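Down below is the structure, laid out as structure tokens.
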Amino acid sequence: MKFWPLLLAYLTRRKTRTLLTVGSFAVSLFLFCLLATIRAGFQSGVQAAGADRLVVINKVSLIQPLPLAYRDRILKVPGIKEATYANWFGGVYQDERNFFAQFAIDHTTYRQMFPEFVVPDDQWKAFEADKQGAIAGESTAKRFGWKVGDRIPIKGAIFPGNWEFNLVGIYKGRRPNDDLTQFWFRWDHLIEKAPEWAKGFVGWYTVRVQPGADAVAVTKDIDSRFANSPWETRTQSEQAFMASFVEQMGNIGFLMTVIGSVVFFTLLLVAGNTMAMSVRERTGELAVLKTVGFTDLAVLALVLVEVILIALVGGAIGIGLAKLFTLRGDPTNGMFASFYLPPSAMAAGAALTLLVGLLAGLIPATTAMRLQVVQALRKL
Amino acid sequence: MALPLVYNLESVRARWRTTIVAILGIAGTVGVFVAMLALAKGFQAALITSGDPDNAFVRRAGATSELDSAITLDQLRPLEDAAEVQRTGDGPLASPEVVVVAALPLKKTGTDANVQVRGVTPRALEVHKAVKVTEGRFFQKGLLEMVVGRNAVRSYKGVAPGDTLRLGGSSWTIVGVMDSNGSAFDSEIWCDADLLNSTFQRPSGVYQSVTLRLVSRDALGALAARVAGDPRLRVQVERETDYYAKASRMMTNMILGLGSMVALVMGVGAVFAALNTMYSAVAERTREVATIRAVGFGGGAVVVSFVLEALFVSLAGGLLGCLAVLPLNGLTTSTMNFQTFSHLAFAFRVTPLLLGFGLAFALLMGLAGGVPPAIRAARLPVTAALRDL
């Protein structure tokens, strides 16, 4: 590229402007990635849901319990491979603001049902051996500085009293968007200490259908078995179950994305306009280039490359910073199960940058290409 | 001596293209900033207006919300008999309440939402004074009837007056619509507390909360002291407004946190746009500035003049942004409140204070974008700049 020095001279001609334009692109792309991360955070439960898992809850609502006795009856339904159950605990660790999900889980079946959560074998053995044992997700452990061996006091709300757990393990996720904020302890421990009304009941069941089985038929089969009982069930795919939470969160995520996108394009407009302005200012110089023998196409390419270079450098900085920012973890402290910038969003951001750079450069570049040398020089 | 403002207005007009882009950048930022504040404010307001400062809200000690609280009948009696509780000819103004969450399909998407169903007594309307029945009638004690909040009628399928709703193994008839001026009660469904307890296989005579109408606003302290001194009552007493303010805290903080994060990033972008506009204004006016200096204006006057120009641009952007979000005021949206585990409809609230914040934010961006170019303008060497002529 023998034109590098020329290109470099153009870029350093007005250093502040070049820096500001690069900065504008960086900020736009940072914002784009941030919004994509927030959006992915809202959706992460749906994305991470297991395709062959169903969730069985009380038909009235998730808060109403189901009898423990349903477990054996569910397992008899043809097409079901395995079942596990859990309870929402809803306790408070030190302060109400320190929210994280706490589940009482069946330690004999839970791990097999959720292979995406990785617990080292020795830690799981310790969990099986210790009735007061607990396992925390990596991000929750990091948030409160917990280490294996710590004693975690949690104040019960639904299940009154002061509860203490021994942290015997920390789980990691198999995929980057897995929820690493949960806290598990043993269901048999919960029920032992729980008030009378809770005994013999579980919060919900998660079941896995056999490969090849018709999940829709299985769903209907389960619900029909418990129809007209005092505890009717509602079975749905894990994905639909998670999606109903997202739907209820409603417009918040949607609003944020829409408003943010409008502003994102405004910022890009700003950057594009600045670049167009800088080309307009150089009409005379471009005419001189043409006079000394540059072809129309060479001038077009020169301007386009300059503009796209600015866009790409700015975009790369923005995307890079956003990635670093999201790696630091969820800034809202626990509102998002996962705070992760998906690579697809980064790719989309890069493509957008290129597109806007191209569009912003095209008009001034064609103007430069069509420049009538004589007329342009007359202006000097 | 100061430069006349007409000079700045004229120069803004001469560079209208870049000026418009800068104005749009600031308008967009201010608009999003104010919209986020209005969203958080509206959510908070919906919950806070559910409470009444003249009411005391009682739940089990240690319970984080109504859902995990329990008040037994033998705890209710001494509460009702407390001297701080207002009474009428029919007895004390106390409302023992039961709350269950029912999954009802959203009209918009067809997916289920968690709706709060509140079991109350007919006295509830005298305790929650803001709640008025606007259509049909209130439910009758002992009948499977329900009254639906005005936002619930709009949001969920199958709860219009006249509909029959199957819930907990019973069929309930919707007999009326209630309106509490946009508070959280408008997203709820009310019915007879004892019937709700029995259809949901809950122990009878156990409520989740009791709301008491106080004899006067400052009787709360005395009531709290009386409750603390009674060993039968393991409960916590709070002003109803305080309880609801706390119940809105998590969601409000989240909206404000995310909103300000996004607004901050956008603010940086808008400042870049303002800087670019002002720097190019300075660069194009090198000769003008030199001339102004040559005829005797000081460096300070030039700085003030350019900063004023930047502030003018940002103010225009701020006003535009505020105007753009004004129509949001009163617009109803909904979300899930994690603290009560239920779906809640609320309206955006664009208040004058929030608009003021928006304009202040705009001026701050104008200042950040205007001062460095203004200083550059004032530092231009007069002789060199004039030599260019």
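Ordering of the structure tokens sets the chain letters (A, B, ...), residue numbers begin anew at 1 in every chain, and ligands are numbered from 1 in the order given.
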I need the residues in region 174-209 of chain B that are strand (DSSP E or B) according to DSSP; give them as a CSV table (one decimal) with N, CA, C and O atoms, in the first residue's frame.
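To be explicit, this is the file written out as out06.csv:
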```csv
chain,number,residue,atom,x,y,z
B,174,ILE,N,-67.2,-12.8,38.1
B,174,ILE,CA,-66.7,-11.5,38.2
B,174,ILE,C,-67.9,-10.5,38.3
B,174,ILE,O,-68.7,-10.5,37.4
B,175,VAL,N,-68.0,-9.8,39.4
B,175,VAL,CA,-69.2,-8.9,39.5
B,175,VAL,C,-68.9,-7.4,39.5
B,175,VAL,O,-69.8,-6.6,39.4
B,176,GLY,N,-67.6,-7.0,39.4
B,176,GLY,CA,-67.4,-5.6,39.4
B,176,GLY,C,-65.9,-5.3,39.1
B,176,GLY,O,-65.0,-6.1,39.0
B,177,VAL,N,-65.7,-4.0,38.8
B,177,VAL,CA,-64.4,-3.4,38.5
B,177,VAL,C,-64.0,-2.4,39.5
B,177,VAL,O,-64.9,-1.6,39.9
B,178,MET,N,-62.8,-2.4,40.0
B,178,MET,CA,-62.4,-1.4,41.0
B,178,MET,C,-61.3,-0.5,40.5
B,178,MET,O,-60.5,-1.0,39.6
B,179,ASP,N,-61.2,0.7,41.0
B,179,ASP,CA,-60.2,1.6,40.5
B,179,ASP,C,-59.6,2.3,41.7
B,179,ASP,O,-60.3,2.8,42.6
B,189,ILE,N,-57.0,-8.9,41.9
B,189,ILE,CA,-58.4,-9.4,41.9
B,189,ILE,C,-58.7,-9.6,43.4
B,189,ILE,O,-58.0,-10.2,44.1
B,190,TRP,N,-59.9,-9.1,43.8
B,190,TRP,CA,-60.3,-9.2,45.2
B,190,TRP,C,-61.5,-10.1,45.4
B,190,TRP,O,-62.4,-10.1,44.5
B,191,CYS,N,-61.5,-10.9,46.5
B,191,CYS,CA,-62.6,-11.8,46.8
B,191,CYS,C,-62.7,-12.0,48.3
B,191,CYS,O,-61.9,-11.5,49.0
B,192,ASP,N,-63.6,-12.9,48.7
B,192,ASP,CA,-63.8,-13.2,50.1
B,192,ASP,C,-62.7,-13.9,50.7
B,192,ASP,O,-62.3,-15.0,50.1
B,206,VAL,N,-56.2,-18.2,59.1
B,206,VAL,CA,-54.8,-17.7,59.0
B,206,VAL,C,-54.8,-16.7,57.9
B,206,VAL,O,-55.1,-17.0,56.7
B,207,TYR,N,-54.4,-15.4,58.2
B,207,TYR,CA,-54.3,-14.4,57.2
B,207,TYR,C,-52.8,-14.1,56.9
B,207,TYR,O,-52.0,-14.7,57.6
B,209,SER,N,-51.7,-10.7,56.1
B,209,SER,CA,-51.4,-9.4,56.6
B,209,SER,C,-52.6,-8.8,57.2
B,209,SER,O,-53.7,-9.3,56.9
```
| Close residues, region 154-162 of chain B itself excluded, 10 Å, only C-alpha atoms, min 5 positions apart in chain, as number ranges by chain | B: 103-113, 115, 135-137, 146-149, 172-177, 187, 189, 333-334, 343-345
Can I get the selection written as an mmCIF file, in the first residue's frame, with C-alpha atoms?
```
data_model
loop_
_atom_site.group_PDB
_atom_site.id
_atom_site.type_symbol
_atom_site.label_atom_id
_atom_site.label_comp_id
_atom_site.auth_asym_id
_atom_site.auth_seq_id
_atom_site.Cartn_x
_atom_site.Cartn_y
_atom_site.Cartn_z
ATOM 1 C CA ALA B 103 -51.507 -17.783 36.778
ATOM 2 C CA LEU B 104 -53.748 -15.992 34.283
ATOM 3 C CA PRO B 105 -53.044 -15.624 30.552
ATOM 4 C CA LEU B 106 -51.941 -12.199 29.325
ATOM 5 C CA LYS B 107 -54.181 -10.753 26.597
ATOM 6 C CA LYS B 108 -51.179 -9.552 24.649
ATOM 7 C CA THR B 109 -49.127 -12.750 24.411
ATOM 8 C CA GLY B 110 -51.330 -15.554 25.718
ATOM 9 C CA THR B 111 -48.598 -16.596 28.159
ATOM 10 C CA ASP B 112 -49.299 -16.820 31.864
ATOM 11 C CA ALA B 113 -48.682 -13.987 34.279
ATOM 12 C CA VAL B 115 -51.703 -12.227 39.274
ATOM 13 C CA GLU B 135 -68.442 -0.747 37.542
ATOM 14 C CA GLY B 136 -70.821 -3.403 38.852
ATOM 15 C CA ARG B 137 -70.621 -3.959 42.591
ATOM 16 C CA MET B 146 -64.682 -11.387 42.539
ATOM 17 C CA VAL B 147 -63.929 -7.731 41.912
ATOM 18 C CA VAL B 148 -61.204 -7.003 39.377
ATOM 19 C CA GLY B 149 -58.791 -4.067 39.250
ATOM 20 C CA TRP B 172 -65.917 -17.485 40.563
ATOM 21 C CA THR B 173 -68.152 -14.860 38.989
ATOM 22 C CA ILE B 174 -66.676 -11.467 38.215
ATOM 23 C CA VAL B 175 -69.160 -8.920 39.545
ATOM 24 C CA GLY B 176 -67.352 -5.594 39.405
ATOM 25 C CA VAL B 177 -64.357 -3.444 38.502
ATOM 26 C CA SER B 187 -53.591 -5.119 38.924
ATOM 27 C CA ILE B 189 -58.369 -9.389 41.937
ATOM 28 C CA THR B 333 -46.879 -0.555 30.755
ATOM 29 C CA SER B 334 -46.293 -3.574 32.942
ATOM 30 C CA HIS B 343 -47.236 -8.918 37.488
ATOM 31 C CA LEU B 344 -47.963 -5.235 37.848
ATOM 32 C CA ALA B 345 -49.271 -2.586 35.468
#
```
Within 6 Å of chain A: each chain B residue with its shortest pair, only C-alpha atoms, as JSON lines:
```
{"residue": "B:Val21", "atom": "CA", "partner": "A:Val270", "partner_atom": "CA", "distance": 5.7}
{"residue": "B:Gly25", "atom": "CA", "partner": "A:Thr266", "partner_atom": "CA", "distance": 5.9}
{"residue": "B:Gly28", "atom": "CA", "partner": "A:Val263", "partner_atom": "CA", "distance": 5.6}
{"residue": "B:Ala63", "atom": "CA", "partner": "A:Ala157", "partner_atom": "CA", "distance": 5.1}
{"residue": "B:Asp68", "atom": "CA", "partner": "A:Ile158", "partner_atom": "CA", "distance": 4.6}
{"residue": "B:Ala102", "atom": "CA", "partner": "A:Ser61", "partner_atom": "CA", "distance": 5.0}
{"residue": "B:Ala103", "atom": "CA", "partner": "A:Ser61", "partner_atom": "CA", "distance": 4.9}
{"residue": "B:Thr111", "atom": "CA", "partner": "A:Ser244", "partner_atom": "CA", "distance": 5.8}
{"residue": "B:Ala113", "atom": "CA", "partner": "A:Gln248", "partner_atom": "CA", "distance": 5.9}
{"residue": "B:Gly269", "atom": "CA", "partner": "A:Ser24", "partner_atom": "CA", "distance": 5.5}
{"residue": "B:Phe272", "atom": "CA", "partner": "A:Leu20", "partner_atom": "CA", "distance": 5.8}
{"residue": "B:Thr335", "atom": "CA", "partner": "A:Met249", "partner_atom": "CA", "distance": 4.5}
{"residue": "B:Met336", "atom": "CA", "partner": "A:Met249", "partner_atom": "CA", "distance": 4.9}
```
| task | Pick out the closest residue to Ser139 (chain A) from this set: A:Asp214, A:Glu116, A:Asp179, A:Asp296. Count only C-alpha atoms. | result |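 Smallest distance to Ser139 (chain A) is found for A:Asp179.
Note that CA of Val303 (chain B) and CA of Leu359 (chain B) are 22.0 Å apart.
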| In Å to one decimal, how far is CA of Met261 (chain B) from CA of Ala347 (chain B)? | 22.4 Å
| task | Within 9 Å of Val99 (chain B), counting only C-alpha atoms, which residues show up once you throw out same-chain ones fewer than 6 positions away? Write them as a PyMOL selection string, please. | result | chain B and resi 66-67+116-120+193+196+207-209
May I have the selected residues written with N, CA and C atoms, as a PDB file, in the first residue's frame?
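selection39.pdb, written as the output of this step:
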```pdb
ATOM      1  N   GLU B  66     -45.879  -9.995  51.839  1.00  0.00           N
ATOM      2  CA  GLU B  66     -47.130 -10.615  52.263  1.00  0.00           C
ATOM      3  C   GLU B  66     -47.136 -12.107  51.982  1.00  0.00           C
ATOM      4  N   LEU B  67     -46.483 -12.505  50.855  1.00  0.00           N
ATOM      5  CA  LEU B  67     -46.567 -13.899  50.423  1.00  0.00           C
ATOM      6  C   LEU B  67     -46.020 -14.864  51.463  1.00  0.00           C
ATOM      7  N   GLN B 116     -51.961 -11.294  41.486  1.00  0.00           N
ATOM      8  CA  GLN B 116     -52.263 -11.367  42.909  1.00  0.00           C
ATOM      9  C   GLN B 116     -53.771 -11.412  43.110  1.00  0.00           C
ATOM     10  N   VAL B 117     -54.231 -12.454  43.805  1.00  0.00           N
ATOM     11  CA  VAL B 117     -55.630 -12.544  44.188  1.00  0.00           C
ATOM     12  C   VAL B 117     -55.667 -12.300  45.694  1.00  0.00           C
ATOM     13  N   ARG B 118     -56.418 -11.262  46.099  1.00  0.00           N
ATOM     14  CA  ARG B 118     -56.411 -10.852  47.487  1.00  0.00           C
ATOM     15  C   ARG B 118     -57.758 -11.165  48.118  1.00  0.00           C
ATOM     16  N   GLY B 119     -57.718 -11.959  49.163  1.00  0.00           N
ATOM     17  CA  GLY B 119     -58.938 -12.239  49.901  1.00  0.00           C
ATOM     18  C   GLY B 119     -59.094 -11.210  51.003  1.00  0.00           C
ATOM     19  N   VAL B 120     -60.238 -10.533  51.023  1.00  0.00           N
ATOM     20  CA  VAL B 120     -60.460  -9.473  52.010  1.00  0.00           C
ATOM     21  C   VAL B 120     -61.855  -9.635  52.609  1.00  0.00           C
ATOM     22  N   ALA B 193     -62.079 -13.452  51.770  1.00  0.00           N
ATOM     23  CA  ALA B 193     -60.870 -14.065  52.326  1.00  0.00           C
ATOM     24  C   ALA B 193     -61.115 -15.510  52.784  1.00  0.00           C
ATOM     25  N   LEU B 196     -61.474 -17.838  49.860  1.00  0.00           N
ATOM     26  CA  LEU B 196     -60.188 -18.024  49.195  1.00  0.00           C
ATOM     27  C   LEU B 196     -59.354 -19.036  49.979  1.00  0.00           C
ATOM     28  N   TYR B 207     -54.417 -15.448  58.197  1.00  0.00           N
ATOM     29  CA  TYR B 207     -54.302 -14.409  57.180  1.00  0.00           C
ATOM     30  C   TYR B 207     -52.833 -14.145  56.924  1.00  0.00           C
ATOM     31  N   GLN B 208     -52.545 -13.309  55.920  1.00  0.00           N
ATOM     32  CA  GLN B 208     -51.138 -13.014  55.662  1.00  0.00           C
ATOM     33  C   GLN B 208     -50.739 -11.637  56.140  1.00  0.00           C
ATOM     34  N   SER B 209     -51.692 -10.733  56.138  1.00  0.00           N
ATOM     35  CA  SER B 209     -51.370  -9.399  56.629  1.00  0.00           C
ATOM     36  C   SER B 209     -52.642  -8.787  57.191  1.00  0.00           C
TER      37      SER B 209
END
```
| request: Can you pull out every residue within 9 Å of Ser170 (chain B), counting only C-alpha atoms, but drop anything in the same chain fewer than 4 positions away, and send it as a PyMOL selection string? | output: chain B and resi 144+165-166+199
Next, dump the selected residues to file, keeping only all heavy atoms, as a short mmCIF file (atom, residue, chain, number, x, y, z; two decimals), in the first residue's frame.
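For reference, out.cif as written:
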```
data_model
loop_
_atom_site.label_atom_id
_atom_site.label_comp_id
_atom_site.auth_asym_id
_atom_site.auth_seq_id
_atom_site.Cartn_x
_atom_site.Cartn_y
_atom_site.Cartn_z
N LEU B 144 -69.05 -16.88 45.89
CA LEU B 144 -67.89 -17.03 45.03
C LEU B 144 -67.90 -15.91 43.99
O LEU B 144 -68.21 -16.14 42.82
CB LEU B 144 -67.88 -18.40 44.36
CG LEU B 144 -67.54 -19.58 45.28
CD1 LEU B 144 -67.89 -20.89 44.61
CD2 LEU B 144 -66.06 -19.56 45.64
N LEU B 165 -64.52 -17.36 36.30
CA LEU B 165 -63.11 -17.72 36.37
C LEU B 165 -62.95 -18.98 37.21
O LEU B 165 -63.45 -19.05 38.33
CB LEU B 165 -62.33 -16.56 36.99
CG LEU B 165 -60.82 -16.72 37.12
CD1 LEU B 165 -60.17 -16.76 35.75
CD2 LEU B 165 -60.24 -15.59 37.94
N ARG B 166 -62.27 -20.00 36.65
CA ARG B 166 -62.02 -21.21 37.44
C ARG B 166 -60.69 -21.05 38.15
O ARG B 166 -59.66 -20.85 37.55
CB ARG B 166 -61.98 -22.43 36.53
CG ARG B 166 -63.30 -23.16 36.48
CD ARG B 166 -63.14 -24.59 36.00
NE ARG B 166 -62.72 -25.53 37.04
CZ ARG B 166 -63.52 -25.98 38.00
NH1 ARG B 166 -64.76 -25.58 38.08
NH2 ARG B 166 -63.06 -26.82 38.91
N THR B 199 -60.89 -22.60 49.36
CA THR B 199 -60.71 -23.20 48.02
C THR B 199 -59.24 -23.50 47.75
O THR B 199 -58.94 -24.34 46.92
CB THR B 199 -61.23 -22.29 46.89
OG1 THR B 199 -60.91 -20.96 47.20
CG2 THR B 199 -62.70 -22.45 46.67
#
```
